[in-house]
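Colleague: Supplied structure: coords18.cif, mmCIF, C-alpha atoms.
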data_protein
#
loop_
_atom_site.label_atom_id
_atom_site.label_comp_id
_atom_site.auth_asym_id
_atom_site.auth_seq_id
_atom_site.Cartn_x
_atom_site.Cartn_y
_atom_site.Cartn_z
CA GLY Q 1 -12.87 226.89 -7.21
CA GLN Q 2 -11.41 227.06 -10.67
CA GLN Q 3 -7.80 226.03 -11.03
CA LEU Q 4 -5.45 227.76 -13.43
CA ASN Q 5 -2.23 225.94 -14.17
CA GLN Q 6 0.50 228.39 -15.10
CA SER Q 7 3.87 227.31 -16.40
CA PRO Q 8 6.72 227.53 -16.09
CA GLN Q 9 6.92 228.46 -12.42
CA SER Q 10 10.18 230.33 -12.97
CA MET Q 11 12.48 231.26 -15.82
CA PHE Q 12 16.06 232.46 -15.99
CA ILE Q 13 16.98 233.85 -19.38
CA GLN Q 14 19.64 235.93 -21.06
CA GLU Q 15 18.82 239.45 -22.12
CA GLY Q 16 17.60 239.47 -25.71
CA GLU Q 17 16.03 236.03 -25.57
CA ASP Q 18 12.34 235.42 -26.18
CA VAL Q 19 10.07 234.17 -23.39
CA SER Q 20 6.94 232.08 -23.51
CA MET Q 21 4.58 231.18 -20.69
CA ASN Q 22 1.11 229.70 -20.65
CA CYS Q 23 -1.98 229.02 -18.60
CA THR Q 24 -4.47 226.21 -18.87
CA SER Q 25 -7.78 225.69 -17.16
CA SER Q 26 -10.25 222.88 -16.71
CA SER Q 27 -13.07 225.34 -17.41
CA ILE Q 28 -13.78 227.87 -20.11
CA PHE Q 29 -13.43 231.59 -19.57
CA ASN Q 30 -14.90 234.65 -21.26
CA THR Q 31 -11.82 236.77 -20.74
CA TRP Q 32 -8.11 236.10 -20.31
CA LEU Q 33 -5.84 238.68 -18.75
CA TRP Q 34 -2.09 238.85 -18.24
CA TYR Q 35 -0.56 240.87 -15.40
CA LYS Q 36 2.97 241.75 -14.29
CA GLN Q 37 3.83 242.34 -10.66
CA ASP Q 38 6.96 244.13 -9.52
CA PRO Q 39 8.20 243.70 -5.94
CA GLY Q 40 6.11 245.69 -3.48
CA GLU Q 41 3.54 246.64 -6.09
CA GLY Q 42 0.14 245.45 -7.14
CA PRO Q 43 -0.24 243.56 -10.43
CA VAL Q 44 -0.40 245.75 -13.52
CA LEU Q 45 -2.50 244.73 -16.50
CA LEU Q 46 -0.46 243.97 -19.62
CA ILE Q 47 -2.89 242.48 -22.10
CA ALA Q 48 -6.60 241.62 -22.10
CA LEU Q 49 -8.18 239.09 -24.46
CA TYR Q 50 -11.92 238.82 -25.07
CA LYS Q 51 -12.52 236.41 -27.95
CA ALA Q 52 -11.50 232.82 -28.54
CA GLY Q 53 -8.63 232.73 -30.99
CA GLU Q 54 -7.79 236.40 -30.45
CA LEU Q 55 -4.13 237.30 -30.83
CA THR Q 56 -3.14 240.65 -29.34
CA SER Q 57 0.15 242.47 -29.17
CA ASN Q 58 1.36 245.24 -26.92
CA GLY Q 59 4.87 246.27 -27.90
CA ARG Q 60 7.12 243.26 -27.34
CA LEU Q 61 4.29 241.32 -25.73
CA THR Q 62 1.98 239.00 -27.61
CA ALA Q 63 -0.83 237.00 -26.06
CA GLN Q 64 -3.44 234.64 -27.42
CA PHE Q 65 -6.83 233.48 -26.18
CA GLY Q 66 -6.97 229.76 -26.91
CA ILE Q 67 -9.60 228.53 -29.33
CA THR Q 68 -11.00 226.16 -26.70
CA ARG Q 69 -11.30 229.11 -24.26
CA LYS Q 70 -9.41 227.01 -21.73
CA ASP Q 71 -5.91 228.31 -22.30
CA SER Q 72 -3.80 231.34 -23.09
CA PHE Q 73 -0.15 232.09 -23.72
CA LEU Q 74 2.04 235.15 -23.34
CA ASN Q 75 5.21 235.73 -25.35
CA ILE Q 76 7.81 238.38 -24.65
CA SER Q 77 10.26 239.04 -27.45
CA ALA Q 78 13.81 240.37 -27.07
CA SER Q 79 13.71 240.46 -23.28
CA ILE Q 80 15.31 243.35 -21.40
CA PRO Q 81 16.28 243.65 -17.71
CA SER Q 82 13.13 245.58 -16.79
CA ASP Q 83 11.01 242.59 -17.82
CA VAL Q 84 12.01 241.04 -14.50
CA GLY Q 85 9.01 240.32 -12.31
CA ILE Q 86 6.21 237.89 -11.71
CA TYR Q 87 3.69 237.35 -14.47
CA PHE Q 88 0.17 236.19 -13.67
CA CYS Q 89 -2.54 234.96 -15.95
CA ALA Q 90 -6.17 235.43 -14.97
CA GLY Q 91 -9.35 233.98 -16.40
CA GLN Q 92 -12.72 235.56 -15.92
CA LEU Q 93 -16.13 233.93 -16.05
CA TYR Q 94 -18.18 235.47 -13.25
CA GLN Q 95 -15.22 236.35 -11.09
CA PHE Q 96 -11.48 236.33 -11.73
CA TYR Q 97 -9.23 233.35 -11.14
CA PHE Q 98 -5.48 233.75 -11.10
CA GLY Q 99 -2.63 231.47 -12.01
CA THR Q 100 0.19 230.82 -9.58
CA GLY Q 101 2.59 233.08 -11.42
CA THR Q 102 5.77 232.82 -13.48
CA SER Q 103 8.83 234.43 -11.97
CA LEU Q 104 11.05 235.86 -14.71
CA THR Q 105 14.71 236.71 -14.20
CA VAL Q 106 16.61 238.38 -17.05
CA ILE Q 107 20.37 238.12 -16.91
CA PRO Q 108 22.12 241.09 -18.55
CA GLY L 109 -7.63 259.66 -8.08
CA ALA L 110 -6.76 257.93 -11.28
CA GLY L 111 -6.09 254.51 -9.81
CA VAL L 112 -7.07 252.18 -7.00
CA SER L 113 -5.68 253.32 -3.68
CA GLN L 114 -5.26 251.35 -0.49
CA SER L 115 -4.43 252.33 3.04
CA PRO L 116 -2.41 251.85 5.06
CA SER L 117 0.43 250.71 2.85
CA ASN L 118 1.95 248.83 5.77
CA LYS L 119 0.41 247.65 9.02
CA VAL L 120 2.18 245.94 11.88
CA THR L 121 -0.04 244.62 14.63
CA GLU L 122 0.08 242.31 17.57
CA LYS L 123 -1.57 238.91 17.57
CA GLY L 124 -5.14 239.18 18.78
CA LYS L 125 -5.71 242.76 17.68
CA ASP L 126 -8.28 243.80 15.08
CA VAL L 127 -7.23 245.56 11.87
CA GLU L 128 -9.08 247.47 9.18
CA LEU L 129 -7.80 247.77 5.64
CA ARG L 130 -9.25 250.31 3.26
CA CYS L 131 -9.69 250.33 -0.49
CA ASP L 132 -10.72 253.25 -2.70
CA PRO L 133 -11.61 251.92 -6.14
CA ILE L 134 -11.43 253.77 -9.41
CA SER L 135 -14.34 256.18 -9.65
CA GLY L 136 -17.29 254.59 -11.41
CA HIS L 137 -16.08 251.03 -11.02
CA THR L 138 -18.97 248.99 -9.72
CA ALA L 139 -17.08 245.78 -9.00
CA LEU L 140 -14.52 245.49 -6.22
CA TYR L 141 -12.39 242.52 -5.24
CA TRP L 142 -10.19 241.64 -2.30
CA TYR L 143 -7.28 239.20 -2.62
CA ARG L 144 -4.60 237.95 -0.29
CA GLN L 145 -1.07 237.26 -1.44
CA SER L 146 1.30 235.44 0.85
CA LEU L 147 5.05 235.76 0.33
CA GLY L 148 6.02 234.36 -3.05
CA GLN L 149 2.55 233.05 -3.71
CA GLY L 150 -0.23 233.75 -6.16
CA LEU L 151 -3.40 235.67 -5.46
CA GLU L 152 -5.99 234.11 -3.18
CA PHE L 153 -9.52 235.39 -3.81
CA LEU L 154 -11.29 236.62 -0.68
CA ILE L 155 -14.49 238.46 -1.60
CA TYR L 156 -16.19 240.23 -4.48
CA PHE L 157 -18.59 243.19 -4.36
CA GLN L 158 -20.98 244.29 -7.05
CA GLY L 159 -22.17 247.66 -5.86
CA ASN L 160 -22.62 247.35 -2.10
CA SER L 161 -23.57 243.71 -2.09
CA ALA L 162 -21.20 240.77 -1.91
CA PRO L 163 -22.51 237.95 -4.12
CA ASP L 164 -19.39 235.90 -3.51
CA LYS L 165 -17.82 235.63 -0.05
CA SER L 166 -16.55 232.14 -0.65
CA GLY L 167 -12.91 233.07 -0.29
CA LEU L 168 -13.03 234.49 3.22
CA PRO L 169 -10.81 232.09 5.20
CA SER L 170 -12.66 232.30 8.51
CA ASP L 171 -15.34 234.18 10.38
CA ARG L 172 -12.65 236.52 11.66
CA PHE L 173 -12.65 238.09 8.20
CA SER L 174 -15.39 240.44 7.06
CA ALA L 175 -15.76 243.17 4.49
CA GLU L 176 -18.20 245.87 3.67
CA ARG L 177 -18.67 248.44 0.96
CA THR L 178 -20.61 251.64 1.29
CA GLY L 179 -21.97 254.01 -1.32
CA GLY L 180 -20.77 251.69 -4.04
CA SER L 181 -17.29 253.03 -3.50
CA VAL L 182 -14.95 252.58 -0.52
CA SER L 183 -14.53 249.11 0.93
CA THR L 184 -13.12 248.02 4.26
CA LEU L 185 -11.70 244.58 5.00
CA THR L 186 -11.69 243.80 8.71
CA ILE L 187 -9.69 241.06 10.34
CA GLN L 188 -10.60 240.36 13.95
CA ARG L 189 -8.31 238.73 16.50
CA THR L 190 -5.43 238.62 14.02
CA GLN L 191 -3.21 235.56 13.88
CA GLN L 192 0.33 235.27 12.59
CA GLU L 193 -0.86 233.32 9.55
CA ASP L 194 -2.85 236.41 8.53
CA SER L 195 0.42 238.11 7.63
CA ALA L 196 0.32 238.79 3.90
CA VAL L 197 -0.22 241.49 1.31
CA TYR L 198 -3.89 242.32 0.90
CA LEU L 199 -4.70 243.54 -2.59
CA CYS L 200 -7.80 245.31 -3.75
CA ALA L 201 -8.92 245.58 -7.36
CA SER L 202 -11.82 247.22 -9.12
CA SER L 203 -13.44 246.84 -12.50
CA PHE L 204 -16.34 248.14 -14.56
CA PRO L 205 -18.04 245.07 -15.97
CA GLY L 206 -19.24 245.73 -19.46
CA ASP L 207 -20.40 243.78 -22.44
CA ASN L 208 -17.11 244.08 -24.25
CA TYR L 209 -14.54 244.36 -21.54
CA ASN L 210 -13.92 243.51 -17.94
CA GLU L 211 -10.48 244.46 -16.77
CA GLN L 212 -9.36 244.47 -13.16
CA PHE L 213 -7.11 247.23 -11.91
CA PHE L 214 -5.16 246.66 -8.74
CA GLY L 215 -4.11 248.88 -5.91
CA PRO L 216 -0.59 248.74 -4.45
CA GLY L 217 -1.70 246.55 -1.56
CA THR L 218 -1.48 246.68 2.22
CA ARG L 219 1.32 244.66 3.75
CA LEU L 220 0.06 243.23 7.04
CA THR L 221 2.48 241.83 9.57
CA VAL L 222 1.12 240.14 12.67
CA LEU L 223 3.69 239.75 15.42
#
Is it possible to express this structure as structure tokens?
Modeller:
Amino acid sequence: GQQLNQSPQSMFIQEGEDVSMNCTSSSIFNTWLWYKQDPGEGPVLLIALYKAGELTSNGRLTAQFGITRKDSFLNISASIPSDVGIYFCAGQLYQFYFGTGTSLTVIP
Amino acid sequence: GAGVSQSPSNKVTEKGKDVELRCDPISGHTALYWYRQSLGQGLEFLIYFQGNSAPDKSGLPSDRFSAERTGGSVSTLTIQRTQQEDSAVYLCASSFPGDNYNEQFFGPGTRLTVL
């Protein structure tokens, strides 16, 4: 199956700092999605991207669909404690393929 | 309901027993997906339904796993003769594939523990 490489695997940051994480793939996708998962919950969709080069923001979150269609990044600005969780990227061609996740810890 | 629901939320069973996990997708969503998430791991794709048919069963780990969907809505994932390595959170998601968007929405998951 398709492999999505997500990095970093984990991050420990101070409250107020900016965060950046990315996903790369060996194959192109039609859609890139970013999810956040809190403990004991299912992943919740944060941002969806549908066109190569697209840059989309949702509050403090910004994500981009790479021009090659093989990568995407997610930035979180001015992190707050409730940003803690695991962030997953997902690429969609015919079905969805998920990255391995980035665990984010925000230190107050 | 407004979102994807799954039941039970938790299931503890003994090795060798069969279990059934249920997923109610968002009304009108034609696509339904099952994933497995082991502790601290990413999402492992199991099976995908479009309507009642499953064009992609490639992720089912063994013949002990099966799934069905009826009426283009509710889906059941069945694990026969459960093993301890089946312990995981089983997540269901649904989507409405369209020309301009295709977003998956997840349920809260069923946490399965096989003793």
Colleague: With 4 Å on each side, where is the centre of the axis-aligned box around all listed atoms of stretch 59-78 of chain Q, and how long are its edges in Å to one decimal, as JSON?
Modeller:
{"center_x": 1.3, "center_y": 236.2, "center_z": -25.5, "size_x": 33.1, "size_y": 28.1, "size_z": 15.6}
Colleague: Apply the PyMOL selection byres ((chain Q and resi 58) around 12) to the structure shown and report the selected residues as a list in words.
Modeller: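 Output of the PyMOL selection byres ((chain Q and resi 58) around 12): Trp34, Leu45, Leu46, Ile47, Ala48, Leu49, Leu55, Thr56, Ser57, Gly59, Arg60, Leu61, Thr62, Ala63, Gln64, Leu74, Asn75, Ile76 and Ser77 of chain Q.
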Colleague: May I have the residues from that selection written out with C-alpha atoms, as an mmCIF file, in the coordinates of the input?
Modeller:
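Dumped everything to part09.cif:
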data_model
loop_
_atom_site.group_PDB
_atom_site.id
_atom_site.type_symbol
_atom_site.label_atom_id
_atom_site.label_comp_id
_atom_site.auth_asym_id
_atom_site.auth_seq_id
_atom_site.Cartn_x
_atom_site.Cartn_y
_atom_site.Cartn_z
ATOM 1 C CA TRP Q 34 -2.090 238.850 -18.240
ATOM 2 C CA LEU Q 45 -2.500 244.730 -16.500
ATOM 3 C CA LEU Q 46 -0.460 243.970 -19.620
ATOM 4 C CA ILE Q 47 -2.890 242.480 -22.100
ATOM 5 C CA ALA Q 48 -6.600 241.620 -22.100
ATOM 6 C CA LEU Q 49 -8.180 239.090 -24.460
ATOM 7 C CA LEU Q 55 -4.130 237.300 -30.830
ATOM 8 C CA THR Q 56 -3.140 240.650 -29.340
ATOM 9 C CA SER Q 57 0.150 242.470 -29.170
ATOM 10 C CA GLY Q 59 4.870 246.270 -27.900
ATOM 11 C CA ARG Q 60 7.120 243.260 -27.340
ATOM 12 C CA LEU Q 61 4.290 241.320 -25.730
ATOM 13 C CA THR Q 62 1.980 239.000 -27.610
ATOM 14 C CA ALA Q 63 -0.830 237.000 -26.060
ATOM 15 C CA GLN Q 64 -3.440 234.640 -27.420
ATOM 16 C CA LEU Q 74 2.040 235.150 -23.340
ATOM 17 C CA ASN Q 75 5.210 235.730 -25.350
ATOM 18 C CA ILE Q 76 7.810 238.380 -24.650
ATOM 19 C CA SER Q 77 10.260 239.040 -27.450
#
Colleague: Give the answer as one residue: which of Q:Leu33, Q:Ile107, Q:Ile28, Q:Cys89 has the shortest atom-to-atom distance to Q:Ser7, using all atoms listed in the file?
Modeller: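 That would be Q:Cys89, the residue with the smallest distance to Q:Ser7.
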Colleague: Chain L residues within 6 Å of chain Q, counting all atoms listed in the file: which ones, as JSON, numbers by chain?
Modeller: {"L": [150, 214, 215, 216, 217]}
Colleague: Just so the selection is clear, what residues does the PyMOL selection byres ((chain L and resi 142) around 6) cover here, as a list in words?
Modeller: Tyr141, Tyr143, Leu154, Ile155, Leu199 and Cys200 of chain L
Colleague: Expanded to explicit residues, what is the PyMOL selection byres ((chain L and resi 173) around 6) for this file, as a list in words?
Modeller: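 The output of the PyMOL selection byres ((chain L and resi 173) around 6) on this file is Ser170, Asp171, Arg172, Ser174, Thr186 and Ile187 of chain L.
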Colleague: One decimal, in Å: what's the spacing between atom CA of L:Arg144 and atom CA of L:Glu128?
Modeller: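 Interatomic distance here is 14.2 Å.
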Colleague: Neighbouring residues of L:Ser115 were defined as those with any atom within 7 Å, considering only C-alpha atoms; residues of the same chain fewer than 3 positions away were excluded. Please report them as a count of residues only.
Modeller: 4
Colleague: Report, in Å with one decimal, the straight-line distance from atom CA of L:Gly136 to atom CA of L:Ser202.
Modeller: 9.5 Å
Colleague: Please, what distance in Å, to one decimal, runs between atom CA of L:Leu220 and atom CA of L:Glu176?
Modeller: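 Taking atom CA of L:Leu220 as the start and atom CA of L:Glu176 as the end point, the length is 18.8 Å.
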Colleague: Would you kindly return, as a PyMOL selection string, each protein, DNA or RNA residue with an atom no farther than 10 Å from any atom of L:Asp194, considering only C-alpha atoms and excluding same-chain residues fewer than 3 positions away?
Modeller: chain L and resi 123+144+146+169+173+187+189-191+197-198+220-222
Colleague: Name the closest residue to L:Pro163 among the candidates L:Leu140, L:Asp126, L:Val182, L:Gly148; distances are taken between atoms, counting all atoms listed in the file.
Modeller: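 Ranked by minimum distance to L:Pro163, first place goes to L:Leu140.
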Colleague: Excluding L:Asn160 and residues on its chain fewer than 3 positions from it, collect all residues at most 7 Å away from it, counting all atoms listed in the file, and give them as a ChimeraX atom specification.
Modeller: /L:157,177-180
Colleague: Measuring atom to atom with all atoms listed in the file, identify which of L:Glu122, L:Glu193, L:Phe204, L:Leu185 is nearest to L:Gly159.
Modeller: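 Result for the nearest residue to L:Gly159: L:Phe204.
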